[in-house]
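What follows is model-v6.tsv (TSV, C-alpha atoms).
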chain	number	residue	atom	x	y	z
L	1	MET	CA	-27.41	24.62	29.00
L	2	SER	CA	-27.15	26.89	25.97
L	3	GLY	CA	-23.52	27.88	25.91
L	4	PRO	CA	-21.17	28.28	22.96
L	5	SER	CA	-20.21	24.60	23.31
L	6	ASN	CA	-23.70	23.59	22.16
L	7	SER	CA	-23.26	25.36	18.81
L	8	SER	CA	-21.06	22.50	17.56
L	9	MET	CA	-22.36	20.20	14.83
L	10	LEU	CA	-21.06	17.31	16.91
L	11	THR	CA	-23.11	15.68	19.63
L	12	PRO	CA	-21.64	15.94	23.15
L	13	ARG	CA	-20.83	12.22	22.96
L	14	ARG	CA	-18.82	12.76	19.76
L	15	ARG	CA	-17.08	15.82	21.13
L	16	VAL	CA	-15.91	13.91	24.20
L	17	ALA	CA	-14.61	11.07	22.04
L	18	GLY	CA	-12.59	13.68	20.14
L	19	LEU	CA	-12.26	11.57	17.03
L	20	GLY	CA	-13.48	14.10	14.45
L	21	SER	CA	-15.56	13.55	11.32
L	22	ALA	CA	-13.48	10.59	10.11
L	23	ARG	CA	-14.43	8.78	13.36
L	24	SER	CA	-10.96	7.31	13.84
L	25	GLY	CA	-8.96	10.29	15.12
L	26	THR	CA	-5.27	10.59	14.39
L	27	GLY	CA	-4.51	6.86	14.87
L	28	HIS	CA	-3.88	6.18	11.19
L	29	PHE	CA	-1.63	9.21	10.73
L	30	TRP	CA	0.30	8.52	13.91
L	31	LEU	CA	1.00	4.82	13.18
L	32	GLN	CA	2.02	5.82	9.65
L	33	ARG	CA	4.61	8.24	11.07
L	34	VAL	CA	5.83	5.87	13.80
L	35	THR	CA	6.40	3.05	11.29
L	36	ALA	CA	8.04	5.56	8.92
L	37	LEU	CA	10.50	6.54	11.65
L	38	ALA	CA	11.21	2.89	12.48
L	39	ASN	CA	11.67	2.12	8.79
L	40	VAL	CA	14.56	4.60	8.36
L	41	PRO	CA	17.24	2.74	10.38
L	42	LEU	CA	15.71	-0.72	9.86
L	43	VAL	CA	15.53	-0.48	6.06
L	44	LEU	CA	19.11	0.87	5.87
L	45	LEU	CA	20.40	-1.99	8.05
L	46	SER	CA	18.44	-4.59	6.07
L	47	LEU	CA	19.72	-3.13	2.80
L	48	ALA	CA	23.30	-3.51	4.08
L	49	ILE	CA	22.60	-7.13	5.10
L	50	ILE	CA	21.06	-8.00	1.72
L	51	ILE	CA	23.93	-6.38	-0.23
L	52	CYS	CA	26.36	-8.33	1.96
L	53	VAL	CA	24.82	-11.69	0.96
L	54	ALA	CA	23.81	-10.79	-2.62
L	55	GLY	CA	25.33	-13.11	-5.20
L	56	GLU	CA	26.83	-15.46	-2.58
L	57	ASP	CA	26.11	-19.20	-2.43
L	58	HIS	CA	23.19	-20.71	-0.50
L	59	GLY	CA	25.27	-21.94	2.44
L	60	PHE	CA	26.76	-18.50	3.10
L	61	VAL	CA	23.36	-16.78	2.86
L	62	LEU	CA	21.85	-19.31	5.31
L	63	GLU	CA	24.73	-18.73	7.73
L	64	VAL	CA	24.44	-14.90	7.66
L	65	LEU	CA	20.62	-14.76	7.79
L	66	GLY	CA	20.67	-17.40	10.54
L	67	ASN	CA	22.59	-15.07	12.84
L	68	PRO	CA	20.13	-14.01	15.60
L	69	VAL	CA	20.96	-10.29	15.36
L	70	VAL	CA	20.53	-10.34	11.56
L	71	ALA	CA	17.27	-12.29	11.85
L	72	ILE	CA	15.89	-9.88	14.48
L	73	ILE	CA	16.75	-6.85	12.29
L	74	LEU	CA	15.05	-8.46	9.26
L	75	LEU	CA	11.97	-9.42	11.32
L	76	LEU	CA	11.60	-5.91	12.79
L	77	THR	CA	12.02	-4.40	9.32
L	78	LEU	CA	9.39	-6.68	7.81
L	79	LEU	CA	6.93	-5.97	10.64
L	80	SER	CA	7.33	-2.19	10.42
L	81	VAL	CA	7.29	-2.22	6.60
L	82	VAL	CA	4.09	-4.28	6.21
L	83	PHE	CA	2.19	-2.06	8.67
L	84	HIS	CA	3.44	1.03	6.80
L	85	MET	CA	2.53	-0.55	3.43
L	86	ARG	CA	-1.00	-1.37	4.55
L	87	LEU	CA	-1.62	2.18	5.82
L	88	GLY	CA	-0.19	3.76	2.67
L	89	MET	CA	-2.14	1.57	0.26
L	90	GLN	CA	-5.31	2.18	2.29
L	91	ILE	CA	-4.96	5.93	1.60
L	92	VAL	CA	-4.34	5.31	-2.11
L	93	ILE	CA	-7.45	3.08	-2.35
L	94	GLU	CA	-9.62	5.57	-0.44
L	95	ASP	CA	-8.44	8.38	-2.73
L	96	TYR	CA	-8.97	6.66	-6.09
L	97	VAL	CA	-11.56	3.89	-5.68
L	98	HIS	CA	-14.92	5.60	-5.23
L	99	ALA	CA	-17.46	2.78	-5.79
L	100	GLU	CA	-18.29	1.60	-2.28
L	101	GLY	CA	-18.29	-2.17	-2.96
L	102	CYS	CA	-15.09	-2.10	-4.98
L	103	LYS	CA	-13.43	0.09	-2.36
L	104	VAL	CA	-14.29	-2.32	0.45
L	105	LEU	CA	-13.01	-5.29	-1.59
L	106	CYS	CA	-9.76	-3.43	-2.35
L	107	LEU	CA	-9.29	-2.57	1.34
L	108	ILE	CA	-9.81	-6.24	2.28
L	109	ALA	CA	-7.40	-7.35	-0.48
L	110	ASN	CA	-4.88	-4.83	0.90
L	111	THR	CA	-5.14	-6.43	4.34
L	112	PHE	CA	-4.88	-9.96	2.92
L	113	PHE	CA	-1.84	-9.08	0.79
L	114	THR	CA	0.10	-7.32	3.55
L	115	VAL	CA	-0.67	-10.04	6.13
L	116	ALA	CA	0.32	-12.77	3.65
L	117	VAL	CA	3.57	-11.00	2.71
L	118	GLY	CA	4.38	-10.35	6.37
L	119	CYS	CA	3.65	-13.92	7.53
L	120	ALA	CA	5.51	-15.55	4.62
L	121	GLY	CA	8.56	-13.39	5.21
L	122	ALA	CA	8.49	-13.89	8.99
L	123	PHE	CA	8.14	-17.66	8.59
L	124	ALA	CA	11.06	-17.78	6.13
L	125	ILE	CA	13.32	-15.73	8.44
L	126	LEU	CA	12.44	-17.91	11.47
L	127	LYS	CA	12.95	-21.14	9.50
L	128	ILE	CA	16.37	-19.96	8.30
L	129	SER	CA	17.32	-18.84	11.81
L	130	PHE	CA	16.12	-22.01	13.55
L	131	GLY	CA	17.97	-24.03	10.91
L	132	GLY	CA	14.99	-26.12	9.83
V	1	MET	CA	-24.29	24.96	-15.96
V	2	SER	CA	-27.14	27.49	-15.85
V	3	ASP	CA	-29.72	24.69	-15.90
V	4	MET	CA	-28.48	23.57	-12.48
V	5	ALA	CA	-30.96	25.90	-10.86
V	6	GLY	CA	-30.93	25.71	-7.12
V	7	ALA	CA	-27.39	24.33	-6.91
V	8	ALA	CA	-25.24	26.47	-4.69
V	9	GLN	CA	-22.72	28.55	-6.63
V	10	ARG	CA	-19.75	27.44	-4.59
V	11	PRO	CA	-16.21	27.70	-5.90
V	12	LEU	CA	-14.85	24.35	-7.03
V	13	SER	CA	-11.67	23.04	-5.51
V	14	PRO	CA	-8.93	23.27	-8.13
V	15	HIS	CA	-7.44	19.97	-9.21
V	16	LEU	CA	-4.50	18.68	-11.28
V	17	GLN	CA	-5.70	20.04	-14.64
V	18	ILE	CA	-5.94	23.57	-13.17
V	19	TYR	CA	-2.49	23.76	-11.62
V	20	ARG	CA	0.67	24.45	-13.58
V	21	PRO	CA	3.00	21.48	-13.00
V	22	MET	CA	5.37	22.29	-10.16
V	23	LEU	CA	8.35	20.45	-8.74
V	24	THR	CA	6.76	20.06	-5.30
V	25	MET	CA	3.62	18.63	-6.92
V	26	MET	CA	5.72	16.20	-8.97
V	27	MET	CA	7.60	15.09	-5.85
V	28	SER	CA	4.28	14.44	-4.10
V	29	ILE	CA	3.07	12.30	-7.02
V	30	VAL	CA	6.40	10.45	-7.27
V	31	HIS	CA	6.35	9.82	-3.50
V	32	ARG	CA	3.00	8.09	-3.89
V	33	ILE	CA	4.05	6.13	-7.01
V	34	THR	CA	7.28	4.93	-5.38
V	35	GLY	CA	5.25	3.92	-2.32
V	36	VAL	CA	2.94	1.78	-4.46
V	37	ALA	CA	5.93	0.27	-6.30
V	38	LEU	CA	7.63	-0.57	-2.99
V	39	TYR	CA	4.39	-2.20	-1.79
V	40	PHE	CA	4.79	-4.81	-4.53
V	41	GLY	CA	8.58	-4.73	-4.23
V	42	THR	CA	8.33	-6.12	-0.69
V	43	ALA	CA	6.83	-9.25	-2.26
V	44	LEU	CA	10.06	-9.64	-4.30
V	45	LEU	CA	12.08	-9.52	-1.07
V	46	VAL	CA	9.80	-12.08	0.60
V	47	ILE	CA	9.95	-14.39	-2.45
V	48	TRP	CA	13.74	-14.30	-2.11
V	49	LEU	CA	13.55	-15.00	1.67
V	50	VAL	CA	11.20	-17.95	1.10
V	51	ALA	CA	13.61	-19.27	-1.58
V	52	VAL	CA	16.51	-19.01	0.89
V	53	ALA	CA	14.43	-20.94	3.46
V	54	SER	CA	13.55	-23.59	0.85
V	55	THR	CA	15.98	-25.66	-1.22
V	56	THR	CA	19.30	-24.73	-2.85
V	57	LYS	CA	17.58	-25.36	-6.19
V	58	SER	CA	14.85	-22.77	-5.53
V	59	PHE	CA	17.44	-20.37	-4.08
V	60	ASP	CA	19.58	-20.65	-7.26
V	61	ALA	CA	16.50	-20.18	-9.46
V	62	VAL	CA	15.44	-16.94	-7.73
V	63	ASN	CA	19.04	-15.69	-7.52
V	64	GLY	CA	19.44	-16.38	-11.25
V	65	LEU	CA	16.25	-14.49	-12.05
V	66	TYR	CA	17.16	-11.49	-9.86
V	67	GLY	CA	20.76	-11.51	-11.15
V	68	SER	CA	19.72	-11.51	-14.83
V	69	TRP	CA	19.89	-8.25	-16.78
V	70	PHE	CA	16.12	-7.85	-16.44
V	71	GLY	CA	16.28	-8.65	-12.72
V	72	LEU	CA	19.06	-6.11	-12.22
V	73	ILE	CA	17.05	-3.39	-14.01
V	74	VAL	CA	14.14	-4.11	-11.65
V	75	LEU	CA	16.49	-4.06	-8.63
V	76	VAL	CA	18.04	-0.72	-9.69
V	77	GLY	CA	14.51	0.71	-10.01
V	78	TYR	CA	13.56	-0.86	-6.68
V	79	SER	CA	16.58	0.67	-4.93
V	80	TRP	CA	15.86	4.12	-6.42
V	81	ALA	CA	12.20	3.92	-5.36
V	82	LEU	CA	13.30	2.92	-1.85
V	83	ILE	CA	15.84	5.75	-1.53
V	84	HIS	CA	13.46	8.30	-3.05
V	85	HIS	CA	10.58	7.31	-0.77
V	86	LEU	CA	12.93	7.32	2.23
V	87	LEU	CA	14.20	10.84	1.44
V	88	GLY	CA	10.62	11.95	0.78
V	89	GLY	CA	9.68	10.58	4.18
V	90	LEU	CA	12.51	12.54	5.84
V	91	ARG	CA	11.17	15.65	4.07
V	92	HIS	CA	7.75	14.94	5.58
V	93	PHE	CA	9.38	14.74	9.04
V	94	VAL	CA	10.82	18.24	8.44
V	95	TRP	CA	7.34	19.45	7.47
V	96	ASP	CA	5.83	17.73	10.55
V	97	THR	CA	7.84	20.15	12.71
V	98	GLY	CA	6.21	23.06	10.89
V	99	ALA	CA	9.43	24.03	9.11
V	100	GLY	CA	10.26	24.07	5.41
V	101	PHE	CA	6.94	25.32	3.98
V	102	GLY	CA	8.28	28.60	2.57
V	103	PRO	CA	8.64	29.03	-1.22
V	104	GLU	CA	12.44	28.67	-1.21
V	105	ALA	CA	12.58	25.96	1.47
V	106	ARG	CA	10.03	23.65	-0.15
V	107	GLU	CA	11.69	24.02	-3.58
V	108	LEU	CA	15.06	23.22	-2.00
V	109	LEU	CA	13.62	20.18	-0.22
V	110	ALA	CA	12.07	18.95	-3.49
V	111	LYS	CA	15.39	19.36	-5.33
V	112	LEU	CA	17.30	17.61	-2.53
V	113	THR	CA	14.82	14.70	-2.67
V	114	ILE	CA	15.10	14.06	-6.40
V	115	GLY	CA	18.81	14.96	-6.69
V	116	GLY	CA	19.70	13.00	-3.58
V	117	SER	CA	17.77	9.90	-4.61
V	118	ILE	CA	19.42	9.76	-8.05
V	119	ALA	CA	22.92	10.48	-6.68
V	120	LEU	CA	22.61	7.95	-3.84
V	121	THR	CA	21.24	5.25	-6.16
V	122	ILE	CA	24.20	5.71	-8.56
V	123	LEU	CA	26.66	5.64	-5.63
V	124	LEU	CA	24.97	2.54	-4.18
V	125	TRP	CA	25.29	0.58	-7.43
V	126	ILE	CA	28.88	1.71	-7.99
V	127	ALA	CA	29.64	0.43	-4.47
V	128	ILE	CA	27.82	-2.86	-5.19
V	129	PHE	CA	29.73	-3.44	-8.43
V	130	LEU	CA	33.05	-2.57	-6.77
V	131	MET	CA	32.32	-5.02	-3.92
V	132	LYS	CA	30.76	-7.82	-5.94
V	133	GLY	CA	32.63	-7.42	-9.22

For the structure just supplied, provide its representation as structure tokens.
Amino acid sequence: MSGPSNSSMLTPRRRVAGLGSARSGTGHFWLQRVTALANVPLVLLSLAIIICVAGEDHGFVLEVLGNPVVAIILLLTLLSVVFHMRLGMQIVIEDYVHAEGCKVLCLIANTFFTVAVGCAGAFAILKISFGG
Amino acid sequence: MSDMAGAAQRPLSPHLQIYRPMLTMMMSIVHRITGVALYFGTALLVIWLVAVASTTKSFDAVNGLYGSWFGLIVLVGYSWALIHHLLGGLRHFVWDTGAGFGPEARELLAKLTIGGSIALTILLWIAIFLMKG
């Protein structure tokens, strides 16, 4: 039972899980990159939509944003962006906030903020689209 | 330092105050700052969306605020941060493939990021003013 594999600092259980010392593997990095990739076309399309309606009257804006294709693009953008935002801010907090209690509170605040922004935006888009 | 008897004499990892400022370092810092700015910028977009979904009065109020000279300065900054962070992200995709780490390549990528973001932001706002008067 004493092979080179037993020289690892990790227990066999940990080695099988393959998640490394941070205990969460590459999940954070991967979701950050996937949302980044999704953001590229979605943000550009949303920017074009917003420029199109910028400075126009309320009725016109409601009509354009109420279009299903426009609403779907904006919803997808918001979803991808808030996930990306939460991951990015999490890294910033972990890098600069060292006191454990403060760090945990900041991480919770980060979740609350991104969920609130995402839900408020999604609700607004759906309300505009459903013509409420 | 000599009174820290017993402490291992390991080399310390160099940090910001050790390094000479470099373009690639600056682009890394700016990427992070623009990311944090965009984090709060998304709230501006959602405030506008909620105003659109609310009454014409609230829509006009937010539109007036965003269309004021102060609002426009914020929006120009917002658009630059967005474009810069987007180009920085594309640069990271190049690096993810393992390419672009050489001395010339990484300097070129850094220059393209900052030059491209400024040029595209200027072009974007020229286009907006031409379209919207």

Proximity to chain L - best of V:Gly115, V:Gly41, V:Gly89, V:Gly77, all atoms listed in the file: V:Gly89

Residues of chain V that approach chain L to 10 Å or less, counting only C-alpha atoms: could you list each one with the shortest pair of atoms and its distance in Å to one decimal, rows by chain and increasing residue number, as JSON lines?
{"residue": "V:Arg32", "atom": "CA", "partner": "L:Val92", "partner_atom": "CA", "distance": 8.0}
{"residue": "V:Ile33", "atom": "CA", "partner": "L:Val92", "partner_atom": "CA", "distance": 9.8}
{"residue": "V:Gly35", "atom": "CA", "partner": "L:Gly88", "partner_atom": "CA", "distance": 7.4}
{"residue": "V:Val36", "atom": "CA", "partner": "L:Met89", "partner_atom": "CA", "distance": 6.9}
{"residue": "V:Leu38", "atom": "CA", "partner": "L:Met85", "partner_atom": "CA", "distance": 8.2}
{"residue": "V:Tyr39", "atom": "CA", "partner": "L:Met85", "partner_atom": "CA", "distance": 5.8}
{"residue": "V:Phe40", "atom": "CA", "partner": "L:Met85", "partner_atom": "CA", "distance": 9.3}
{"residue": "V:Thr42", "atom": "CA", "partner": "L:Val117", "partner_atom": "CA", "distance": 7.6}
{"residue": "V:Ala43", "atom": "CA", "partner": "L:Val117", "partner_atom": "CA", "distance": 6.2}
{"residue": "V:Leu44", "atom": "CA", "partner": "L:Val117", "partner_atom": "CA", "distance": 9.6}
{"residue": "V:Leu45", "atom": "CA", "partner": "L:Gly121", "partner_atom": "CA", "distance": 8.2}
{"residue": "V:Val46", "atom": "CA", "partner": "L:Gly121", "partner_atom": "CA", "distance": 5.0}
{"residue": "V:Ile47", "atom": "CA", "partner": "L:Gly121", "partner_atom": "CA", "distance": 7.8}
{"residue": "V:Trp48", "atom": "CA", "partner": "L:Gly121", "partner_atom": "CA", "distance": 9.0}
{"residue": "V:Leu49", "atom": "CA", "partner": "L:Ala124", "partner_atom": "CA", "distance": 5.8}
{"residue": "V:Val50", "atom": "CA", "partner": "L:Ala124", "partner_atom": "CA", "distance": 5.0}
{"residue": "V:Ala51", "atom": "CA", "partner": "L:Ala124", "partner_atom": "CA", "distance": 8.3}
{"residue": "V:Val52", "atom": "CA", "partner": "L:Leu62", "partner_atom": "CA", "distance": 6.9}
{"residue": "V:Ala53", "atom": "CA", "partner": "L:Ile128", "partner_atom": "CA", "distance": 5.3}
{"residue": "V:Ser54", "atom": "CA", "partner": "L:Ala124", "partner_atom": "CA", "distance": 8.2}
{"residue": "V:Thr55", "atom": "CA", "partner": "L:His58", "partner_atom": "CA", "distance": 8.8}
{"residue": "V:Thr56", "atom": "CA", "partner": "L:His58", "partner_atom": "CA", "distance": 6.1}
{"residue": "V:Lys57", "atom": "CA", "partner": "L:His58", "partner_atom": "CA", "distance": 9.2}
{"residue": "V:Ser58", "atom": "CA", "partner": "L:His58", "partner_atom": "CA", "distance": 10.0}
{"residue": "V:Phe59", "atom": "CA", "partner": "L:His58", "partner_atom": "CA", "distance": 6.8}
{"residue": "V:Asp60", "atom": "CA", "partner": "L:His58", "partner_atom": "CA", "distance": 7.7}
{"residue": "V:Asn63", "atom": "CA", "partner": "L:Gly55", "partner_atom": "CA", "distance": 7.2}
{"residue": "V:Gly64", "atom": "CA", "partner": "L:Gly55", "partner_atom": "CA", "distance": 9.1}
{"residue": "V:Tyr66", "atom": "CA", "partner": "L:Gly55", "partner_atom": "CA", "distance": 9.5}
{"residue": "V:Gly67", "atom": "CA", "partner": "L:Gly55", "partner_atom": "CA", "distance": 7.7}
{"residue": "V:Ser79", "atom": "CA", "partner": "L:Leu47", "partner_atom": "CA", "distance": 9.2}
{"residue": "V:Leu82", "atom": "CA", "partner": "L:Val43", "partner_atom": "CA", "distance": 8.9}
{"residue": "V:Ile83", "atom": "CA", "partner": "L:Leu44", "partner_atom": "CA", "distance": 9.4}
{"residue": "V:Leu86", "atom": "CA", "partner": "L:Val40", "partner_atom": "CA", "distance": 6.9}
{"residue": "V:Leu87", "atom": "CA", "partner": "L:Val40", "partner_atom": "CA", "distance": 9.3}
{"residue": "V:Gly89", "atom": "CA", "partner": "L:Ala36", "partner_atom": "CA", "distance": 7.1}
{"residue": "V:Leu90", "atom": "CA", "partner": "L:Val40", "partner_atom": "CA", "distance": 8.6}
{"residue": "V:His92", "atom": "CA", "partner": "L:Arg33", "partner_atom": "CA", "distance": 9.2}
{"residue": "V:Phe93", "atom": "CA", "partner": "L:Arg33", "partner_atom": "CA", "distance": 8.3}
{"residue": "V:Asp96", "atom": "CA", "partner": "L:Arg33", "partner_atom": "CA", "distance": 9.6}
{"residue": "V:Leu124", "atom": "CA", "partner": "L:Ile51", "partner_atom": "CA", "distance": 9.8}
{"residue": "V:Ala127", "atom": "CA", "partner": "L:Ile51", "partner_atom": "CA", "distance": 9.8}
{"residue": "V:Ile128", "atom": "CA", "partner": "L:Ile51", "partner_atom": "CA", "distance": 7.2}
{"residue": "V:Met131", "atom": "CA", "partner": "L:Cys52", "partner_atom": "CA", "distance": 9.0}
{"residue": "V:Lys132", "atom": "CA", "partner": "L:Gly55", "partner_atom": "CA", "distance": 7.6}

Kindly give the distance, in Å, that separates CA of Ile93 in chain L and CA of Thr77 in chain L, rounded to a single decimal. 23.9 Å

Non-local contacts of Pro103 in chain V (12 Å; all atoms listed in the file; under 4 positions in same chain excluded) as a PyMOL selection string: chain V and resi 22-24+99+107-110

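Between CA of Met26 in chain V and CA of Asp95 in chain L the interatomic distance comes to 17.3 Å.
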
Quick one: distance from CA of Tyr78 in chain V to CA of Arg20 in chain V in Å, one decimal? 29.2 Å

Applying 10 Å and all atoms listed in the file, which residues near Cys106 in chain L remain after dropping the ones on its own chain fewer than 6 positions away? List them as number ranges by chain. L: 89-90, 93-94, 97, 100, 112

Output requested as an mmCIF file, in the coordinates of the input - range 113-123 of chain V, filled out with all heavy atoms.
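Full text of selection-v7.cif as output:
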data_model
loop_
_atom_site.group_PDB
_atom_site.id
_atom_site.type_symbol
_atom_site.label_atom_id
_atom_site.label_comp_id
_atom_site.auth_asym_id
_atom_site.auth_seq_id
_atom_site.Cartn_x
_atom_site.Cartn_y
_atom_site.Cartn_z
ATOM 1 N N THR V 113 15.426 16.038 -2.613
ATOM 2 C CA THR V 113 14.820 14.700 -2.670
ATOM 3 C C THR V 113 15.147 14.016 -3.985
ATOM 4 O O THR V 113 15.648 12.888 -3.994
ATOM 5 C CB THR V 113 13.289 14.806 -2.492
ATOM 6 O OG1 THR V 113 13.003 15.617 -1.375
ATOM 7 C CG2 THR V 113 12.667 13.435 -2.296
ATOM 8 N N ILE V 114 14.889 14.702 -5.095
ATOM 9 C CA ILE V 114 15.100 14.060 -6.400
ATOM 10 C C ILE V 114 16.594 13.930 -6.716
ATOM 11 O O ILE V 114 17.068 12.879 -7.156
ATOM 12 C CB ILE V 114 14.322 14.788 -7.533
ATOM 13 C CG1 ILE V 114 14.434 14.041 -8.857
ATOM 14 C CG2 ILE V 114 14.728 16.242 -7.708
ATOM 15 C CD1 ILE V 114 13.772 12.695 -8.875
ATOM 16 N N GLY V 115 17.364 15.004 -6.445
ATOM 17 C CA GLY V 115 18.810 14.960 -6.690
ATOM 18 C C GLY V 115 19.495 13.931 -5.809
ATOM 19 O O GLY V 115 20.318 13.136 -6.268
ATOM 20 N N GLY V 116 19.106 13.939 -4.541
ATOM 21 C CA GLY V 116 19.700 13.000 -3.580
ATOM 22 C C GLY V 116 19.390 11.568 -3.918
ATOM 23 O O GLY V 116 20.270 10.697 -3.837
ATOM 24 N N SER V 117 18.150 11.288 -4.324
ATOM 25 C CA SER V 117 17.770 9.900 -4.610
ATOM 26 C C SER V 117 18.533 9.368 -5.823
ATOM 27 O O SER V 117 18.994 8.223 -5.818
ATOM 28 C CB SER V 117 16.265 9.770 -4.812
ATOM 29 O OG SER V 117 15.855 10.344 -6.019
ATOM 30 N N ILE V 118 18.694 10.203 -6.855
ATOM 31 C CA ILE V 118 19.420 9.760 -8.050
ATOM 32 C C ILE V 118 20.897 9.568 -7.727
ATOM 33 O O ILE V 118 21.497 8.536 -8.054
ATOM 34 C CB ILE V 118 19.210 10.752 -9.219
ATOM 35 C CG1 ILE V 118 17.745 10.717 -9.675
ATOM 36 C CG2 ILE V 118 20.147 10.441 -10.384
ATOM 37 C CD1 ILE V 118 17.360 11.808 -10.650
ATOM 38 N N ALA V 119 21.497 10.553 -7.025
ATOM 39 C CA ALA V 119 22.920 10.480 -6.680
ATOM 40 C C ALA V 119 23.213 9.269 -5.800
ATOM 41 O O ALA V 119 24.166 8.516 -6.046
ATOM 42 C CB ALA V 119 23.355 11.765 -5.985
ATOM 43 N N LEU V 120 22.387 9.060 -4.773
ATOM 44 C CA LEU V 120 22.610 7.950 -3.840
ATOM 45 C C LEU V 120 22.426 6.590 -4.525
ATOM 46 O O LEU V 120 23.143 5.638 -4.220
ATOM 47 C CB LEU V 120 21.691 8.070 -2.626
ATOM 48 C CG LEU V 120 22.052 9.169 -1.614
ATOM 49 C CD1 LEU V 120 20.975 9.293 -0.541
ATOM 50 C CD2 LEU V 120 23.407 8.904 -0.970
ATOM 51 N N THR V 121 21.447 6.514 -5.454
ATOM 52 C CA THR V 121 21.240 5.250 -6.160
ATOM 53 C C THR V 121 22.455 4.913 -7.022
ATOM 54 O O THR V 121 22.923 3.770 -7.050
ATOM 55 C CB THR V 121 19.975 5.336 -7.047
ATOM 56 O OG1 THR V 121 18.871 5.714 -6.227
ATOM 57 C CG2 THR V 121 19.670 3.996 -7.711
ATOM 58 N N ILE V 122 23.012 5.927 -7.727
ATOM 59 C CA ILE V 122 24.200 5.710 -8.560
ATOM 60 C C ILE V 122 25.383 5.269 -7.675
ATOM 61 O O ILE V 122 26.066 4.286 -7.975
ATOM 62 C CB ILE V 122 24.548 6.976 -9.373
ATOM 63 C CG1 ILE V 122 23.444 7.240 -10.415
ATOM 64 C CG2 ILE V 122 25.913 6.857 -10.034
ATOM 65 C CD1 ILE V 122 23.529 8.593 -11.095
ATOM 66 N N LEU V 123 25.571 5.985 -6.552
ATOM 67 C CA LEU V 123 26.660 5.640 -5.630
ATOM 68 C C LEU V 123 26.489 4.226 -5.075
ATOM 69 O O LEU V 123 27.460 3.472 -4.973
ATOM 70 C CB LEU V 123 26.725 6.646 -4.468
ATOM 71 C CG LEU V 123 27.305 8.028 -4.793
ATOM 72 C CD1 LEU V 123 27.178 8.948 -3.582
ATOM 73 C CD2 LEU V 123 28.769 7.900 -5.230
#
